[in-house]
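Have a look at the structure below, then the notes.
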Amino acid sequence: GEERGLQQGLQQGVGRQLIRVLQRRFGEIPQEVKARLKGESVEQLESLMDSALSAALP
């Protein structure tokens, strides 16, 4: 119970940070992308964050 709650909190925090990075680098993020990110694991969100930080700007 408690561990699951901590995991969900971590997932939400990482997801919010990823969306913030994406918005700063690429502009507005479509709602469907934001919704999809909510279903990803912490590990996947962290991997996406690494990609977002290293991606070349258009």
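Going through the structure tokens in order, the chains are called A, B, and so on, while each chain numbers its residues from 1 and the ligands are numbered from 1 in the order shown.
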
Query raised in the report: Tell me, which residues of chain A carry DSSP alpha helix (DSSP H), written as an MDAnalysis selection string?
Result: chainID A and resid 2:26 31:38 42:54

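Taking CA of Arg16 in chain A and CA of Asp50 in chain A as the two end points, the separation is 14.3 Å.
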
Surrounding residues of range 17-25 of chain A excluding itself and chain neighbours under 2 positions, 8 Å, only C-alpha atoms, as a JSON list (two decimals) with N, CA, C and O atoms, in the first residue's frame:
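Saved file out-v9.json follows:
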[["chain", "number", "residue", "atom", "x", "y", "z"],
["A", 13, "GLY", "N", 5.59, 12.88, -10.35],
["A", 13, "GLY", "CA", 6.60, 13.92, -10.32],
["A", 13, "GLY", "C", 7.52, 13.89, -11.53],
["A", 13, "GLY", "O", 7.79, 14.92, -12.15],
["A", 14, "VAL", "N", 7.98, 12.70, -11.89],
["A", 14, "VAL", "CA", 8.85, 12.56, -13.06],
["A", 14, "VAL", "C", 8.07, 12.93, -14.32],
["A", 14, "VAL", "O", 8.59, 13.60, -15.21],
["A", 15, "GLY", "N", 6.82, 12.53, -14.39],
["A", 15, "GLY", "CA", 5.99, 12.86, -15.54],
["A", 15, "GLY", "C", 5.80, 14.37, -15.70],
["A", 15, "GLY", "O", 5.90, 14.90, -16.82],
["A", 27, "GLY", "N", 7.90, 23.52, -27.24],
["A", 27, "GLY", "CA", 6.62, 24.23, -27.29],
["A", 27, "GLY", "C", 5.50, 23.41, -26.68],
["A", 27, "GLY", "O", 5.73, 22.45, -25.95],
["A", 28, "GLU", "N", 4.29, 23.82, -26.99],
["A", 28, "GLU", "CA", 3.11, 23.17, -26.40],
["A", 28, "GLU", "C", 3.05, 21.68, -26.75],
["A", 28, "GLU", "O", 3.31, 21.29, -27.89],
["A", 29, "ILE", "N", 2.69, 20.88, -25.76],
["A", 29, "ILE", "CA", 2.61, 19.43, -25.90],
["A", 29, "ILE", "C", 1.14, 19.04, -26.04],
["A", 29, "ILE", "O", 0.32, 19.44, -25.21],
["A", 34, "LYS", "N", 0.43, 14.06, -23.32],
["A", 34, "LYS", "CA", 0.44, 14.17, -21.85],
["A", 34, "LYS", "C", -0.29, 12.99, -21.22],
["A", 34, "LYS", "O", 0.18, 12.41, -20.23],
["A", 45, "LEU", "N", 9.76, 6.89, -18.15],
["A", 45, "LEU", "CA", 9.74, 8.35, -18.09],
["A", 45, "LEU", "C", 11.15, 8.91, -17.98],
["A", 45, "LEU", "O", 11.49, 9.91, -18.63],
["A", 48, "LEU", "N", 12.77, 8.65, -21.35],
["A", 48, "LEU", "CA", 12.25, 9.70, -22.22],
["A", 48, "LEU", "C", 12.84, 11.06, -21.85],
["A", 48, "LEU", "O", 13.11, 11.88, -22.73],
["A", 49, "MET", "N", 13.04, 11.29, -20.56],
["A", 49, "MET", "CA", 13.66, 12.55, -20.11],
["A", 49, "MET", "C", 15.07, 12.67, -20.68],
["A", 49, "MET", "O", 15.46, 13.72, -21.19],
["A", 52, "ALA", "N", 14.78, 13.54, -24.29],
["A", 52, "ALA", "CA", 14.32, 14.92, -24.47],
["A", 52, "ALA", "C", 15.45, 15.91, -24.24],
["A", 52, "ALA", "O", 15.58, 16.91, -24.94],
["A", 53, "LEU", "N", 16.29, 15.63, -23.26],
["A", 53, "LEU", "CA", 17.39, 16.53, -22.94],
["A", 53, "LEU", "C", 18.50, 16.49, -23.98],
["A", 53, "LEU", "O", 19.21, 17.48, -24.19],
["A", 57, "LEU", "N", 17.27, 20.26, -31.40],
["A", 57, "LEU", "CA", 16.09, 21.10, -31.64],
["A", 57, "LEU", "C", 15.84, 21.20, -33.14],
["A", 57, "LEU", "O", 16.78, 21.23, -33.93]]

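You can rank A:Val42, A:Ser47, A:Phe26, A:Leu37 by their closest distance to Leu6 in chain A using only C-alpha atoms, and at the top of that list sits A:Val42.
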
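Distance-wise, CA of Glu46 in chain A and CA of Arg4 in chain A end up 18.2 Å apart.
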
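Here CA of Gln12 in chain A and CA of Ala56 in chain A stand 25.8 Å from one another.
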